[in-house]
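Dumped input-v1.txt below, it's compact mmCIF, C-alpha atoms:
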```
# COMPACT_ATOMS: atom_id res chain seq x y z
CA MET A 202 14.72 18.96 -29.10
CA THR A 203 14.07 22.58 -29.98
CA ASP A 204 12.77 25.35 -27.79
CA ASP A 205 9.80 25.67 -30.16
CA PHE A 206 8.90 22.05 -29.44
CA LEU A 207 9.19 22.44 -25.68
CA HIS A 208 7.17 25.64 -25.52
CA SER A 209 4.07 25.29 -27.65
CA PRO A 210 2.29 28.59 -28.27
CA ALA A 211 -0.90 29.34 -26.40
CA VAL A 212 -4.15 28.92 -28.29
CA GLY A 213 -4.92 32.09 -30.18
CA ARG A 214 -1.34 33.32 -30.22
CA PRO A 215 -0.92 35.50 -33.32
CA ARG A 216 1.33 34.14 -36.01
CA ASP A 217 4.62 35.81 -36.77
CA PRO A 218 4.50 36.90 -40.44
CA VAL A 219 8.26 37.49 -40.48
CA LEU A 220 8.95 33.92 -39.40
CA GLU A 221 6.40 32.55 -41.86
CA GLN A 222 8.04 34.45 -44.71
CA ALA A 223 11.47 33.19 -43.62
CA ILE A 224 10.18 29.60 -43.65
CA LEU A 225 8.59 29.98 -47.08
CA ASP A 226 11.72 31.63 -48.50
CA ALA A 227 13.85 28.82 -47.10
CA THR A 228 11.45 26.28 -48.60
CA VAL A 229 11.84 27.81 -52.03
CA GLU A 230 15.64 27.81 -51.71
CA VAL A 231 15.78 24.17 -50.65
CA VAL A 232 13.28 22.86 -53.21
CA VAL A 233 14.86 24.81 -56.07
CA GLY A 234 18.31 23.65 -55.01
CA SER A 235 17.58 20.02 -54.16
CA GLY A 236 14.25 19.12 -55.75
CA PHE A 237 11.03 18.23 -53.97
CA SER A 238 11.96 14.64 -53.08
CA ALA A 239 15.36 15.51 -51.64
CA ALA A 240 14.16 18.60 -49.78
CA LYS A 241 14.30 18.07 -46.01
CA VAL A 242 12.27 19.96 -43.45
CA ASP A 243 15.33 19.91 -41.16
CA GLU A 244 17.28 21.91 -43.74
CA ILE A 245 14.38 24.30 -44.27
CA ALA A 246 14.19 24.87 -40.51
CA ARG A 247 17.95 25.45 -40.32
CA ARG A 248 17.88 28.07 -43.07
CA ALA A 249 14.84 29.77 -41.56
CA ARG A 250 16.56 29.72 -38.14
CA THR A 251 13.67 28.00 -36.44
CA GLY A 252 12.65 24.52 -35.35
CA LYS A 253 10.73 21.83 -37.18
CA ALA A 254 7.92 22.12 -34.64
CA ALA A 255 7.38 25.76 -35.64
CA ILE A 256 7.02 24.65 -39.25
CA TYR A 257 4.67 21.77 -38.53
CA ARG A 258 2.44 24.00 -36.41
CA ARG A 259 1.77 25.99 -39.56
CA TRP A 260 1.91 23.31 -42.26
CA PRO A 261 1.17 19.68 -41.34
CA THR A 262 3.24 18.10 -44.13
CA LYS A 263 6.11 18.92 -46.44
CA THR A 264 3.64 18.88 -49.32
CA ALA A 265 1.50 21.55 -47.66
CA LEU A 266 4.60 23.64 -46.96
CA VAL A 267 5.89 23.48 -50.53
CA ILE A 268 2.47 24.26 -51.98
CA ALA A 269 2.21 27.28 -49.65
CA ALA A 270 5.63 28.50 -50.78
CA ALA A 271 4.63 28.19 -54.44
CA GLN A 272 1.35 30.00 -53.79
CA ARG A 273 3.14 32.84 -52.01
CA LEU A 274 5.35 33.37 -55.05
CA GLN A 275 2.40 33.26 -57.44
CA GLY A 276 0.28 35.65 -55.41
CA ASP A 277 -3.39 35.65 -54.55
CA VAL A 278 -6.02 34.75 -57.11
CA ALA A 279 -8.66 37.41 -57.70
CA VAL A 280 -11.71 37.60 -59.95
CA PRO A 281 -11.27 40.90 -61.81
CA ASP A 282 -14.05 43.20 -62.97
CA GLU A 283 -12.20 45.86 -64.93
CA GLY A 284 -15.08 46.98 -67.13
CA SER A 285 -14.04 45.19 -70.32
CA LEU A 286 -13.67 41.57 -71.35
CA ARG A 287 -10.13 42.11 -72.60
CA GLU A 288 -8.92 43.71 -69.38
CA ASP A 289 -10.57 41.00 -67.29
CA LEU A 290 -8.89 38.29 -69.36
CA LEU A 291 -5.53 40.05 -69.12
CA ALA A 292 -5.84 40.31 -65.35
CA CYS A 293 -6.56 36.58 -65.13
CA VAL A 294 -3.75 35.51 -67.44
CA ARG A 295 -1.27 37.81 -65.72
CA HIS A 296 -1.67 35.68 -62.62
CA TYR A 297 0.77 33.33 -64.36
CA VAL A 298 3.29 36.13 -64.99
CA SER A 299 5.96 36.41 -62.31
CA PRO A 300 9.04 38.64 -62.18
CA ASP A 301 10.58 36.20 -59.69
CA ALA A 302 12.48 33.48 -61.56
CA ARG A 303 12.10 31.18 -58.55
CA THR A 304 8.38 30.85 -59.28
CA ALA A 305 8.97 28.82 -62.42
CA LEU A 306 11.72 26.76 -60.79
CA ILE A 307 9.69 25.67 -57.78
CA LEU A 308 6.62 25.00 -59.93
CA ALA A 309 8.73 22.92 -62.30
CA ASN A 310 9.89 20.82 -59.35
CA VAL A 311 6.38 20.46 -57.97
CA LEU A 312 4.79 19.57 -61.31
CA ALA A 313 7.48 17.02 -62.13
CA GLU A 314 7.22 15.31 -58.75
CA ALA A 315 3.41 15.40 -58.82
CA GLN A 316 3.45 12.78 -61.58
CA GLN A 317 4.67 10.19 -59.06
CA ASP A 318 3.15 11.58 -55.84
CA PRO A 319 -0.67 11.36 -55.63
CA GLU A 320 -0.85 13.58 -52.53
CA LEU A 321 1.23 16.28 -54.18
CA ARG A 322 -0.70 15.97 -57.43
CA GLU A 323 -4.03 16.46 -55.66
CA ALA A 324 -2.69 19.41 -53.66
CA THR A 325 -1.23 20.99 -56.79
CA ILE A 326 -4.49 20.70 -58.70
CA THR A 327 -6.61 21.96 -55.82
CA SER A 328 -4.41 24.80 -54.59
CA ILE A 329 -2.44 25.94 -57.64
CA GLY A 330 -4.26 24.72 -60.74
CA GLN A 331 -7.95 25.21 -60.02
CA PRO A 332 -8.21 28.70 -58.43
CA PRO A 333 -6.92 30.73 -61.43
CA MET A 334 -8.93 28.56 -63.84
CA GLU A 335 -12.08 29.15 -61.81
CA ALA A 336 -11.40 32.89 -61.79
CA LEU A 337 -11.10 32.81 -65.58
CA ARG A 338 -14.27 30.73 -65.84
CA THR A 339 -16.14 33.25 -63.69
CA VAL A 340 -14.99 36.08 -65.96
CA VAL A 341 -16.07 34.30 -69.15
CA GLU A 342 -19.43 33.29 -67.71
CA ARG A 343 -20.01 36.84 -66.45
CA TRP A 344 -19.48 38.24 -69.95
CA ILE A 345 -21.72 35.55 -71.40
CA GLY A 346 -24.36 36.76 -68.96
CA ARG A 347 -23.80 40.33 -70.12
CA GLY A 348 -24.44 39.30 -73.71
CA GLU A 349 -20.90 40.06 -74.91
CA VAL A 350 -19.88 36.43 -75.48
CA ASP A 351 -21.82 33.75 -77.34
CA PRO A 352 -23.13 31.22 -74.80
CA SER A 353 -22.26 28.39 -77.21
CA VAL A 354 -18.50 28.90 -76.82
CA PRO A 355 -16.65 25.92 -75.28
CA VAL A 356 -15.96 27.52 -71.90
CA ASP A 357 -14.09 24.53 -70.45
CA LEU A 358 -11.72 24.48 -73.41
CA VAL A 359 -11.16 28.23 -73.44
CA VAL A 360 -10.33 28.49 -69.73
CA SER A 361 -7.85 25.60 -70.00
CA VAL A 362 -5.71 27.35 -72.62
CA ALA A 363 -3.88 29.85 -70.39
CA PRO A 364 -2.85 27.37 -67.67
CA SER A 365 -1.83 24.84 -70.32
CA VAL A 366 0.49 27.37 -71.95
CA ALA A 367 1.79 28.61 -68.59
CA PHE A 368 2.54 25.17 -67.18
CA HIS A 369 4.09 24.02 -70.47
CA ARG A 370 6.54 26.91 -70.23
CA VAL A 371 7.27 26.04 -66.61
CA VAL A 372 7.83 22.33 -67.17
CA VAL A 373 9.66 22.50 -70.51
CA LEU A 374 11.47 25.85 -70.33
CA HIS A 375 11.57 26.46 -66.55
CA GLN A 376 10.26 29.94 -67.31
CA ALA A 377 7.18 31.72 -66.06
CA LEU A 378 4.82 33.28 -68.56
CA ASP A 379 6.04 36.76 -69.58
CA ASP A 380 3.77 39.74 -70.08
CA THR A 381 4.28 39.91 -73.84
CA THR A 382 3.13 36.32 -74.18
CA ALA A 383 0.21 36.95 -71.83
CA VAL A 384 -1.02 39.83 -74.00
CA ALA A 385 -0.55 37.79 -77.19
CA LEU A 386 -2.43 34.89 -75.61
CA VAL A 387 -5.40 37.10 -74.78
CA ASP A 388 -5.48 39.03 -78.06
CA GLY A 389 -4.52 36.22 -80.41
CA VAL A 390 -6.14 33.19 -78.81
CA LEU A 391 -8.67 33.79 -76.04
CA LEU A 392 -10.61 36.70 -77.49
CA PRO A 393 -10.92 35.09 -80.96
CA ALA A 394 -11.96 31.84 -79.28
CA LEU A 395 -14.70 33.80 -77.52
CA GLY A 396 -15.87 35.24 -80.82
CA VAL A 397 -14.38 38.72 -80.41
CA PRO A 398 -12.90 39.87 -83.75
CA ARG A 399 -9.48 41.43 -84.14
CA ILE A 400 -9.40 44.93 -85.63
CA SER A 401 -7.66 44.74 -89.01
CA GLY A 402 -4.10 46.07 -88.94
CA SER A 403 -4.06 46.34 -85.17
CA GLY A 404 -2.79 44.22 -82.36
CA ARG A 405 -5.93 45.11 -80.42
CA THR A 406 -9.33 43.52 -80.60
CA GLY A 407 -12.72 44.85 -81.50
CA PRO A 408 -15.06 46.50 -79.02
CA VAL A 409 -15.43 44.52 -75.82
CA SER A 410 -17.31 46.85 -73.54
```
I'd like the structure from this file rewritten - as structure tokens, please.
Amino acid sequence: MTDDFLHSPAVGRPRDPVLEQAILDATVEVVVGSGFSAAKVDEIARRARTGKAAIYRRWPTKTALVIAAAQRLQGDVAVPDEGSLREDLLACVRHYVSPDARTALILANVLAEAQQDPELREATITSIGQPPMEALRTVVERWIGRGEVDPSVPVDLVVSVAPSVAFHRVVVLHQALDDTTAVALVDGVLLPALGVPRISGSGRTGPVS
């Protein structure tokens, strides 16, 4: 029985961000190395140099812990307002770009296991899949409201393109989206789908104020 288990923290005790980061880093290491199913909280606790009780005080299940680790690697989701449709779309799509190779590896494990695990599938959709799609939807609907995008465009279809491409790369190639692909996706797919013409002879698109 660990010291963490014997001495529960007082209500309102501030969390230790260093310990939380150590736990999440250990989670990534274990899941990438062993896979979601074989990953054990005991091993995560050992690598983080803490007790299981300290982990379960923060995350009630292994699923919640792994989802939190994946989210930490991906970063927070924000709804950009950069002053142009193109820049807003780029900011949204770049959410899927990660310089940390572990991001794709842990997501590949999570997405593969989610096919057989309903709890993990629901958590993945709710916590990883939906937020960036909703940010992209907000951007598109904002620019429709500003009169820059035709309101007849299939918004649901358009906002599903970027995550579909990103998760395909993760599952099939075990690679996160790279910035070159993100730019090509915006300029070559999303903007044309939203009715914004490409300038002839240029990799850039027409005016999108």
Counting all atoms listed in the file, give me one row per residue of segment 292-385 of chain A with an atom at most 8 Å from an atom of segment 232-240 of chain A, showing the shortest contact pair and its distance in Å to one decimal, sorted by chain then residue number, as CSV.
```
residue,atom,partner,partner_atom,distance
A:Arg303,CA,A:Val233,CA,7.4
A:Leu306,CA,A:Val233,CA,6.0
A:Ile307,CA,A:Val233,CA,5.5
A:Asn310,CA,A:Gly236,CA,5.9
A:Val311,CA,A:Phe237,CA,6.5
A:Glu314,CA,A:Phe237,CA,6.8
```
Excluding segment 374-389 of chain A and any residue of its chain fewer than 3 positions from it, enumerate the residues within 6 Å of it, using only C-alpha atoms, and give them as a list in words.
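After dropping sequence-adjacent residues, the list is Tyr297, Val298, Ala305, Leu306, Ala367, Arg370, Val371 and Leu392 of chain A.
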Counting all atoms listed in the file, select every polymer residue within 10 Å of (-13.0, 37.2, -61.3) as defined in the file's coordinates, and provide the selection as a compact mmCIF listing (two decimals) with C-alpha atoms, keeping the file's coordinate frame.
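Written output follows (point_37.txt):
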```txt
# COMPACT_ATOMS: atom_id res chain seq x y z
CA VAL A 278 -6.02 34.75 -57.11
CA ALA A 279 -8.66 37.41 -57.70
CA VAL A 280 -11.71 37.60 -59.95
CA PRO A 281 -11.27 40.90 -61.81
CA ASP A 282 -14.05 43.20 -62.97
CA GLU A 283 -12.20 45.86 -64.93
CA ASP A 289 -10.57 41.00 -67.29
CA LEU A 290 -8.89 38.29 -69.36
CA ALA A 292 -5.84 40.31 -65.35
CA CYS A 293 -6.56 36.58 -65.13
CA PRO A 333 -6.92 30.73 -61.43
CA MET A 334 -8.93 28.56 -63.84
CA GLU A 335 -12.08 29.15 -61.81
CA ALA A 336 -11.40 32.89 -61.79
CA LEU A 337 -11.10 32.81 -65.58
CA ARG A 338 -14.27 30.73 -65.84
CA THR A 339 -16.14 33.25 -63.69
CA VAL A 340 -14.99 36.08 -65.96
CA VAL A 341 -16.07 34.30 -69.15
CA GLU A 342 -19.43 33.29 -67.71
CA ARG A 343 -20.01 36.84 -66.45
```
Show which residues sit within 10 Å of Glu221 of chain A, as a JSON list (two decimals) with C-alpha atoms, keeping the file's coordinate frame. Count all atoms listed in the file, and ignore same-chain residues fewer than 2 positions away.
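What ended up in selection.json:
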```
[["chain", "number", "residue", "atom", "x", "y", "z"],
["A", 216, "ARG", "CA", 1.33, 34.14, -36.01],
["A", 217, "ASP", "CA", 4.62, 35.81, -36.77],
["A", 218, "PRO", "CA", 4.50, 36.90, -40.44],
["A", 219, "VAL", "CA", 8.26, 37.49, -40.48],
["A", 223, "ALA", "CA", 11.47, 33.19, -43.62],
["A", 224, "ILE", "CA", 10.18, 29.60, -43.65],
["A", 225, "LEU", "CA", 8.59, 29.98, -47.08],
["A", 226, "ASP", "CA", 11.72, 31.63, -48.50],
["A", 227, "ALA", "CA", 13.85, 28.82, -47.10],
["A", 249, "ALA", "CA", 14.84, 29.77, -41.56],
["A", 255, "ALA", "CA", 7.38, 25.76, -35.64],
["A", 256, "ILE", "CA", 7.02, 24.65, -39.25],
["A", 259, "ARG", "CA", 1.77, 25.99, -39.56],
["A", 270, "ALA", "CA", 5.63, 28.50, -50.78]]
```
One decimal, in Å: what's the spacing between atom CA of Val350 of chain A and atom CA of Pro393 of chain A?
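If I compute the distance from atom CA of Val350 of chain A to atom CA of Pro393 of chain A, I get 10.6 Å.
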Two-atom distance - atom CA of Gly396 of chain A, atom CA of Phe368 of chain A (Å)
25.0 Å
To one decimal place, how far is atom CA of Asp277 of chain A from atom CA of Ile245 of chain A in Å?
23.5 Å
Please determine, counting only C-alpha atoms, which residue among A:Arg273, A:His296, A:Lys253, A:Arg258 has the shortest atom-to-atom distance to Lys241 of chain A.
A:Lys253
Determine the nearest neighbour of Glu230 of chain A from the options A:Thr304, A:Glu288, A:Lys263, A:Thr251, counting all atoms listed in the file.
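That would be A:Thr304, the residue with the smallest distance to Glu230 of chain A.
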Tell me, as a list in words, which residues lie within 7 Å of segment 319-330 of chain A, counting all atoms listed in the file; anything in the same chain fewer than 5 positions away does not count.
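Non-adjacent residues within range: Thr264, Ile268 and Gln272 of chain A.
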Which is closest to Val360 of chain A among A:Leu391, A:Leu291, A:Val397, A:Ala315, if we use only C-alpha atoms?
A:Leu391
Counting all atoms listed in the file, the residue of A:Leu312, A:Trp344, A:Trp260, A:Pro398 that sits nearest Val356 of chain A
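Ranking A:Leu312, A:Trp344, A:Trp260, A:Pro398 by distance to Val356 of chain A, first place goes to A:Trp344.
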